[in-house]
Amino acid sequence: MRGGGAPGARPGAAAALARGYAEGSAHGVAEVYDAYADGLFAYCRMLTGDGRTAAEILHDTVLIVRARADLLDGDAQLRALLYAVARSECMHRGGDHRSSALPQPAAQSCQVRRPGVVVLGFAVRDRGRLLPLIPVALAGVAAAEREALELVVRHGLDEAEAARVLDVSQRRVARLVDGARDQFATCLRVHSVCVHPEQECAELAVLLPGGVASGAAVPEPVDPALRVPAGLHVDSCPSCAPFVPAELAPEADQAGQSGRAVFAATVDALVSTGPPRPAPLSVRAELLRGTGPRAHRDAGHVLGRAVPAQRDGFPRTRRRRFL
Ligand SMILES: [Zn+2]
């Protein structure tokens, strides 16, 4: 979703939604859905770990934001409001499942998201090995860091938007994303050594009994408590270190500011890899039916049970509850 401009609705989308709400029509709903639903659905899946719940929350999020669109000052905050409402509904209804969200099946992550996006710097052999491991490595990143990384890198939100969504400062967002890159790279280094066919380290097998997978099987994510020791092991063990991809090696981000920038770009390209599971079209149809002139099914109920809004339409959350 990044690079070449993040996708978004046409100018005037917030006003169109507000007008539709005021006149009881579906005005603006389809366009906002088409621009943001895939990303919101993926985000809700990550937060709840469940596709059905994610679909319900996507549906409700559009209804809730539609009812608050008149509080927005133009379109600048529309995407942040959608993500913020989706997040508050996930936390309110489904609890916080971020740390247990299962990675997508590796087969879905083997394709680069968009034509033209390339994972720079990897030999073909390494690239083929690394792509199926990306979702597993992401699952090994701590929940708060992973959420910030996904919002900024996969969903293309800028730091100001992510700060609104997460209800933290922009500086905090930057720190979380930076930490997430390191954790992700560590997990990917560990996994890439674990699954290397020539790797035969008995110590690593003891350290990560579920980490070594053969054939098409995907290894288990690294336990957060073992991320650092496993990372230190593969970086320093004479049997393991030769199998660490050079671009992800710890030295890769220590070559000054430019080295860090290249390292961040490499990680971001990997994290952005893999198509999202598209939002269900049934939700789109249901929304259009439920916002049309003849039906307001569940809309009142949805709005009634939503997390209450502040004056600017953003959810009233207890600050830093989750981060
Ligand atoms: Zn070793």
# chains A, B, ... in the order shown; residues from 1 in each chain; ligands from 1

$ residues_near_ligand --ligand "ligand 1" --cutoff "8 Å" --atoms "only C-alpha atoms and all ligand atoms" --output "VMD selection string"
chain A and resid 200 to 204 233 to 234 236 to 241

$ write_last_selection --atoms "C-alpha atoms" --output "short mmCIF file (atom, residue, chain, number, x, y, z; two decimals), in the first residue's frame"
data_model
loop_
_atom_site.label_atom_id
_atom_site.label_comp_id
_atom_site.auth_asym_id
_atom_site.auth_seq_id
_atom_site.Cartn_x
_atom_site.Cartn_y
_atom_site.Cartn_z
CA GLU A 200 22.85 -28.65 11.41
CA CYS A 201 23.24 -26.84 14.71
CA ALA A 202 22.24 -29.01 17.67
CA GLU A 203 22.18 -26.00 19.99
CA LEU A 204 19.70 -24.16 17.78
CA HIS A 233 22.98 -17.35 18.86
CA VAL A 234 22.57 -17.32 15.08
CA SER A 236 27.59 -15.61 16.78
CA CYS A 237 27.47 -19.39 16.32
CA PRO A 238 30.04 -20.60 13.77
CA SER A 239 27.58 -23.21 12.47
CA CYS A 240 24.67 -20.79 12.10
CA ALA A 241 26.17 -17.42 11.18
#

$ atom_distance --atom1 "atom CA of Thr186 of chain A" --atom2 "atom CA of Gly231 of chain A"
5.5 Å

$ residues_around --residues "Leu133 of chain A" --least-positions-apart "3" --cutoff "7 Å" --atoms "only C-alpha atoms" --output "PyMOL selection string"
chain A and resi 130+136-137+188+191

$ residues_around --residues "Arg311 of chain A" --least-positions-apart "5" --cutoff "12 Å" --atoms "only C-alpha atoms" --output "list in words"
Arg68, Ala69, Asp70, Leu71, Leu72, Asp73 and Arg316 of chain A

$ closest_residue --among "A:Arg45, A:His59, A:Ala22, A:Asp268" --to "Ala285 of chain A" --atoms "only C-alpha atoms"
A:His59

$ select_by_dssp --residues "segment 182-297 of chain A" --states "helix (DSSP H, G or I)" --output "PyMOL selection string"
chain A and resi 182-194+202-207+224-236+241-243+246-248+250-253+256-271+281-290

$ closest_atom_pairs --of "segment 238-279 of chain A" --to "segment 173-184 of chain A" --cutoff "9 Å" --atoms "only C-alpha atoms" --output "JSON lines"
{"residue": "A:Pro250", "atom": "CA", "partner": "A:Asp182", "partner_atom": "CA", "distance": 8.8}
{"residue": "A:Phe263", "atom": "CA", "partner": "A:Arg181", "partner_atom": "CA", "distance": 8.7}
{"residue": "A:Ala264", "atom": "CA", "partner": "A:Arg181", "partner_atom": "CA", "distance": 6.9}
{"residue": "A:Val267", "atom": "CA", "partner": "A:Arg181", "partner_atom": "CA", "distance": 6.3}
{"residue": "A:Asp268", "atom": "CA", "partner": "A:Arg181", "partner_atom": "CA", "distance": 7.8}
{"residue": "A:Val271", "atom": "CA", "partner": "A:Phe184", "partner_atom": "CA", "distance": 8.6}

$ residues_around --residues "Ser282 of chain A" --least-positions-apart "4" --cutoff "10 Å" --atoms "only C-alpha atoms" --output "PyMOL selection string"
chain A and resi 55+59+286-288

$ residues_around --residues "Ala26 of chain A" --least-positions-apart "4" --cutoff "12 Å" --atoms "only C-alpha atoms" --output "ChimeraX atom specification"
/A:16-22,30-33,62-63,66-67,284-296

$ write_last_selection --atoms "N, CA and C atoms" --output "compact mmCIF listing (two decimals), in the first residue's frame"
# COMPACT_ATOMS: atom_id res chain seq x y z
N ALA A 16 -19.08 13.56 1.36
CA ALA A 16 -20.06 12.69 0.72
C ALA A 16 -20.69 11.73 1.73
N LEU A 17 -19.84 11.17 2.60
CA LEU A 17 -20.36 10.27 3.64
C LEU A 17 -21.33 11.02 4.55
N ALA A 18 -20.91 12.23 4.96
CA ALA A 18 -21.75 13.02 5.87
C ALA A 18 -23.09 13.34 5.23
N ARG A 19 -23.03 13.67 3.94
CA ARG A 19 -24.28 13.99 3.23
C ARG A 19 -25.18 12.77 3.17
N GLY A 20 -24.58 11.60 2.87
CA GLY A 20 -25.36 10.37 2.82
C GLY A 20 -26.03 10.08 4.15
N TYR A 21 -25.30 10.32 5.23
CA TYR A 21 -25.87 10.06 6.56
C TYR A 21 -27.03 11.00 6.83
N ALA A 22 -26.83 12.27 6.47
CA ALA A 22 -27.86 13.27 6.73
C ALA A 22 -29.13 12.98 5.94
N ALA A 30 -19.83 3.44 -0.95
CA ALA A 30 -19.10 2.52 -1.83
C ALA A 30 -17.68 3.02 -2.08
N GLU A 31 -17.55 4.31 -2.28
CA GLU A 31 -16.20 4.81 -2.59
C GLU A 31 -15.25 4.66 -1.40
N VAL A 32 -15.76 4.98 -0.23
CA VAL A 32 -14.91 4.83 0.97
C VAL A 32 -14.58 3.35 1.19
N TYR A 33 -15.57 2.50 0.98
CA TYR A 33 -15.32 1.07 1.13
C TYR A 33 -14.25 0.60 0.15
N VAL A 62 -17.52 1.34 9.12
CA VAL A 62 -17.99 2.25 8.06
C VAL A 62 -19.26 2.97 8.51
N LEU A 63 -20.17 2.25 9.17
CA LEU A 63 -21.41 2.89 9.64
C LEU A 63 -21.10 3.97 10.68
N ARG A 66 -19.33 6.98 9.10
CA ARG A 66 -20.32 7.72 8.29
C ARG A 66 -21.12 8.67 9.17
N ALA A 67 -21.50 8.20 10.36
CA ALA A 67 -22.29 9.04 11.26
C ALA A 67 -21.47 10.17 11.89
N ARG A 284 -19.65 -5.24 1.71
CA ARG A 284 -19.95 -4.07 0.88
C ARG A 284 -21.43 -4.04 0.53
N ALA A 285 -21.93 -5.20 0.09
CA ALA A 285 -23.35 -5.27 -0.30
C ALA A 285 -24.25 -4.97 0.90
N GLU A 286 -23.88 -5.52 2.04
CA GLU A 286 -24.69 -5.31 3.24
C GLU A 286 -24.71 -3.84 3.64
N LEU A 287 -23.55 -3.20 3.53
CA LEU A 287 -23.48 -1.79 3.86
C LEU A 287 -24.35 -0.95 2.93
N LEU A 288 -24.30 -1.27 1.65
CA LEU A 288 -25.08 -0.49 0.69
C LEU A 288 -26.57 -0.69 0.93
N ARG A 289 -26.94 -1.92 1.29
CA ARG A 289 -28.35 -2.16 1.63
C ARG A 289 -28.72 -1.41 2.91
N GLY A 290 -27.83 -1.48 3.89
CA GLY A 290 -28.14 -0.93 5.22
C GLY A 290 -28.07 0.58 5.30
N THR A 291 -27.53 1.21 4.26
CA THR A 291 -27.45 2.67 4.29
C THR A 291 -28.34 3.30 3.22
N GLY A 292 -29.03 2.46 2.50
CA GLY A 292 -29.90 2.97 1.44
C GLY A 292 -31.17 3.57 2.01
N PRO A 293 -31.98 4.15 1.13
CA PRO A 293 -33.17 4.87 1.59
C PRO A 293 -34.21 3.96 2.24
N ARG A 294 -34.18 2.67 1.92
CA ARG A 294 -35.26 1.82 2.44
C ARG A 294 -34.88 1.02 3.69
N ALA A 295 -33.64 1.09 4.07
CA ALA A 295 -33.23 0.22 5.18
C ALA A 295 -32.22 0.90 6.08
N HIS A 296 -32.37 0.70 7.33
CA HIS A 296 -31.36 1.15 8.28
C HIS A 296 -31.09 0.03 9.27

$ closest_residue --among "A:Arg171, A:Arg146, A:Arg52, A:Arg10" --to "Val283 of chain A" --atoms "only C-alpha atoms"
A:Arg52

$ closest_residue --among "A:Ala249, A:Leu82, A:Ile57, A:Ala14" --to "Pro315 of chain A" --atoms "only C-alpha atoms"
A:Leu82

$ closest_atom_pairs --of "segment 129-171 of chain A" --to "segment 84-95 of chain A" --cutoff "9 Å" --atoms "only C-alpha atoms" --output "JSON lines"
{"residue": "A:Ala162", "atom": "CA", "partner": "A:Ala84", "partner_atom": "CA", "distance": 8.8}
{"residue": "A:Arg164", "atom": "CA", "partner": "A:Ala84", "partner_atom": "CA", "distance": 7.2}
{"residue": "A:Val165", "atom": "CA", "partner": "A:Ala84", "partner_atom": "CA", "distance": 4.3}
{"residue": "A:Leu166", "atom": "CA", "partner": "A:Ala84", "partner_atom": "CA", "distance": 7.1}
{"residue": "A:Asp167", "atom": "CA", "partner": "A:Ala84", "partner_atom": "CA", "distance": 8.6}

$ residues_around --residues "Ala230 of chain A" --least-positions-apart "6" --cutoff "9 Å" --atoms "only C-alpha atoms" --output "number ranges by chain"
A: 186-187, 190, 204, 207-208, 222

$ atom_distance --atom1 "atom CA of Leu58 of chain A" --atom2 "atom CA of Ala279 of chain A"
8.5 Å

$ closest_residue --among "A:Leu131, A:Phe243, A:Leu157, A:Glu150" --to "Cys194 of chain A" --atoms "only C-alpha atoms"
A:Phe243

$ closest_residue --among "A:Val206, A:Leu149, A:Leu40, A:Val168" --to "Thr61 of chain A" --atoms "only C-alpha atoms"
A:Leu40

$ closest_residue --among "A:Tyr83, A:Asp75, A:Pro11, A:Thr266" --to "Tyr36 of chain A" --atoms "only C-alpha atoms"
A:Tyr83
